[in-house]
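Student: Questions regarding the structure given below will be posed in turn.
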Amino acid sequence: MQMLKARPKSRTRREPLADHLLSMELSSGDRLSQPEFHRRYAAYPKHIKFELVQGVVYMASPMRRPHALDQVKLSYVLESYSAATPGTEVLDNSTAILDEDSEPQPDLCLCIQAEYGGQTSEDADGYMVGAPELIAEIAHSSRAIDLFEKRDDYRKAGVREYLVLCVAERELHWFHFPSGETIRPDREGLSRSREFPGLWIDVAALLARDTNRLRTALERGLARREHATFVRRLGAARRKNS
């Protein structure tokens, strides 16, 4: 993630926070609490993306075409899974308020909805609060912040699974934080989620951006008894919470 600097929106009479423009500025490397970061970030145009990771401010560089292509394919898998799994939802570039020094904006999240027993909720302003069960990031390379500071932040916050697709190396890293293990492809080249039964990813197909093979692998996972059991469990949690 490139470290850049940007300035907030110019002052207007209808924006009282802009009367203290200097106090609203964000720069990569700043150390801030989550509430202060959030207050300043709200003053910026929507197309400018900042994140707070371990109390440090980072500004994202513009998205390259390979990143966008990979994100679409991974999003397709997660959204297809969610469509077949009532009680789950996929979020794209949604701000996540994790704790007092962490407010990232993950590329993708797969969450169990709160009424189905999930870990996240929505605050009065519509922001996600709490750790999504699964987070996925598209990283430029294996040297990116996603595999270091962000990984540590997500694990500490209670994220269950974390996927990082490294664009340059064409690698997928899939972490299962509760066990401390890495989810690796089996002999068929399939990586299988431990938190979301039936979420199967053909790793070679993902790296090749092959939608048809991704669909075939996922359909196999969704047909498994484990997925049906998971759907029933979510439904039972929904009835208990209603």
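By convention in this document, the chains of the structure tokens carry letters A, B, ... by their order, each chain's residues are numbered from 1, and ligands are numbered from 1 in the order they are shown.
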Counting only C-alpha atoms, give me one row per residue of segment 47-121 of chain A with an atom at most 12 Å from an atom of segment 162-167 of chain A, showing the shortest contact pair and its distance in Å to one decimal, sorted by chain then residue number, as a Markdown table.
Tutor:
| residue | atom | partner | partner_atom | distance |
| --- | --- | --- | --- | --- |
| A:Met63 | CA | A:Val167 | CA | 11.9 |
| A:Arg64 | CA | A:Val167 | CA | 10.1 |
| A:Arg65 | CA | A:Val167 | CA | 10.4 |
| A:Pro66 | CA | A:Val167 | CA | 6.9 |
| A:His67 | CA | A:Val167 | CA | 6.7 |
| A:Ala68 | CA | A:Val167 | CA | 10.2 |
| A:Leu69 | CA | A:Val167 | CA | 9.9 |
| A:Asp70 | CA | A:Val167 | CA | 7.8 |
| A:Gln71 | CA | A:Leu165 | CA | 8.8 |
| A:Lys73 | CA | A:Leu165 | CA | 11.0 |
| A:Leu74 | CA | A:Leu165 | CA | 9.0 |
| A:Ser75 | CA | A:Leu163 | CA | 12.0 |
| A:Leu78 | CA | A:Leu163 | CA | 11.6 |
| A:Pro106 | CA | A:Tyr162 | CA | 10.5 |
| A:Asp107 | CA | A:Val164 | CA | 10.0 |
| A:Leu108 | CA | A:Leu163 | CA | 9.5 |
| A:Cys109 | CA | A:Tyr162 | CA | 9.3 |
| A:Leu110 | CA | A:Tyr162 | CA | 10.1 |
Student: Can you check which parts of segment 79-121 of chain A lie within 12 Å of segment 208-217 of chain A? Per residue, the shortest pair of atoms and distance in Å to one decimal, counting only C-alpha atoms, sorted by chain and number, as JSON lines.
Tutor:
{"residue": "A:Glu79", "atom": "CA", "partner": "A:Arg215", "partner_atom": "CA", "distance": 11.3}
{"residue": "A:Ser80", "atom": "CA", "partner": "A:Arg215", "partner_atom": "CA", "distance": 8.4}
{"residue": "A:Tyr81", "atom": "CA", "partner": "A:Arg215", "partner_atom": "CA", "distance": 9.8}
Student: Could the residues in this selection be written to a file with C-alpha atoms, as an mmCIF file, in the first residue's frame?
Tutor:
data_model
loop_
_atom_site.group_PDB
_atom_site.id
_atom_site.type_symbol
_atom_site.label_atom_id
_atom_site.label_comp_id
_atom_site.auth_asym_id
_atom_site.auth_seq_id
_atom_site.Cartn_x
_atom_site.Cartn_y
_atom_site.Cartn_z
ATOM 1 C CA GLU A 79 -21.556 -13.565 -3.551
ATOM 2 C CA SER A 80 -22.578 -16.871 -5.174
ATOM 3 C CA TYR A 81 -21.962 -18.626 -1.867
#
Student: May I have the residues within 9 Å of Ser191 of chain A as a list in words, using only C-alpha atoms and disregarding those fewer than 5 positions away in the same chain?
Tutor: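 Near Ser191 of chain A, the qualifying residues are Trp174, Ile183, Arg184, Pro185, Asp186, Leu199, Trp200, Ile201, Asp202 and Val203 of chain A.
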Student: If we count only C-alpha atoms and set the cut-off at 10 Å, which residues sit around segment 91-104 of chain A, ignoring sequence neighbours fewer than 5 positions away in its own chain? Please answer as a PyMOL selection string.
Tutor: chain A and resi 31-38+49-58+71+75+78-79+109-111+120-123+126-132+135-137+150+153-154+156-159
Student: Just the strand (DSSP E or B) stuff from segment 4-159 of chain A, please, per backbone DSSP, written as a PyMOL selection string.
Tutor: chain A and resi 5-6+26-27+31+50-53+56-59+88-92+96-97+99+102-103+108-112+121-122+128-129+134-139
Student: Could you write out that same residue set with C-alpha atoms as a CSV table (one decimal), in the first residue's frame?
Tutor:
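This is the output file result-v8.csv:
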chain,number,residue,atom,x,y,z
A,5,LYS,CA,-1.0,12.4,1.5
A,6,ALA,CA,-4.3,14.2,0.7
A,26,LEU,CA,-5.0,13.0,7.4
A,27,SER,CA,-1.5,11.9,6.4
A,31,ARG,CA,-1.0,7.9,14.8
A,50,PHE,CA,-7.8,5.9,4.1
A,51,GLU,CA,-7.5,3.0,6.6
A,52,LEU,CA,-6.4,2.9,10.3
A,53,VAL,CA,-4.4,-0.2,11.1
A,56,VAL,CA,-1.5,4.1,12.0
A,57,VAL,CA,-3.1,5.9,9.1
A,58,TYR,CA,-2.6,4.5,5.6
A,59,MET,CA,-3.8,5.9,2.3
A,88,THR,CA,-24.9,-14.4,5.2
A,89,GLU,CA,-24.0,-11.3,3.3
A,90,VAL,CA,-21.0,-10.0,1.2
A,91,LEU,CA,-19.7,-6.5,1.7
A,92,ASP,CA,-17.5,-4.6,-0.8
A,96,ALA,CA,-15.1,-1.9,9.6
A,97,ILE,CA,-14.8,-0.4,13.1
A,99,ASP,CA,-11.6,-1.6,18.0
A,102,SER,CA,-8.4,-0.1,14.0
A,103,GLU,CA,-10.8,1.0,11.2
A,108,LEU,CA,-14.4,-8.0,0.6
A,109,CYS,CA,-16.1,-9.4,3.7
A,110,LEU,CA,-18.3,-12.5,4.1
A,111,CYS,CA,-20.4,-12.1,7.2
A,112,ILE,CA,-23.0,-13.9,9.1
A,121,SER,CA,-23.6,-5.1,13.9
A,122,GLU,CA,-24.5,-1.8,12.3
A,128,MET,CA,-20.1,-2.0,10.4
A,129,VAL,CA,-18.9,-2.6,14.0
A,134,LEU,CA,-14.2,-13.7,6.8
A,135,ILE,CA,-12.2,-10.9,5.2
A,136,ALA,CA,-10.5,-11.0,1.8
A,137,GLU,CA,-7.9,-8.5,0.5
A,138,ILE,CA,-6.3,-8.2,-2.9
A,139,ALA,CA,-2.6,-7.3,-2.3
Student: Taking 5 positions as the minimum chain separation for residues in the same chain, which residues sit within 12 Å of segment 83-86 of chain A when counting only C-alpha atoms? Answer as a ChimeraX atom specification.
Tutor: /A:75-78,110-113,115-116,196-199,218-219,221-223,226-238
Student: From the list A:Arg160, A:Arg225, A:Arg239, A:Arg39, which residue is nearest Ser193 of chain A when using only C-alpha atoms?
Tutor: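 Using only C-alpha atoms, the shortest distance to Ser193 of chain A belongs to A:Arg160.
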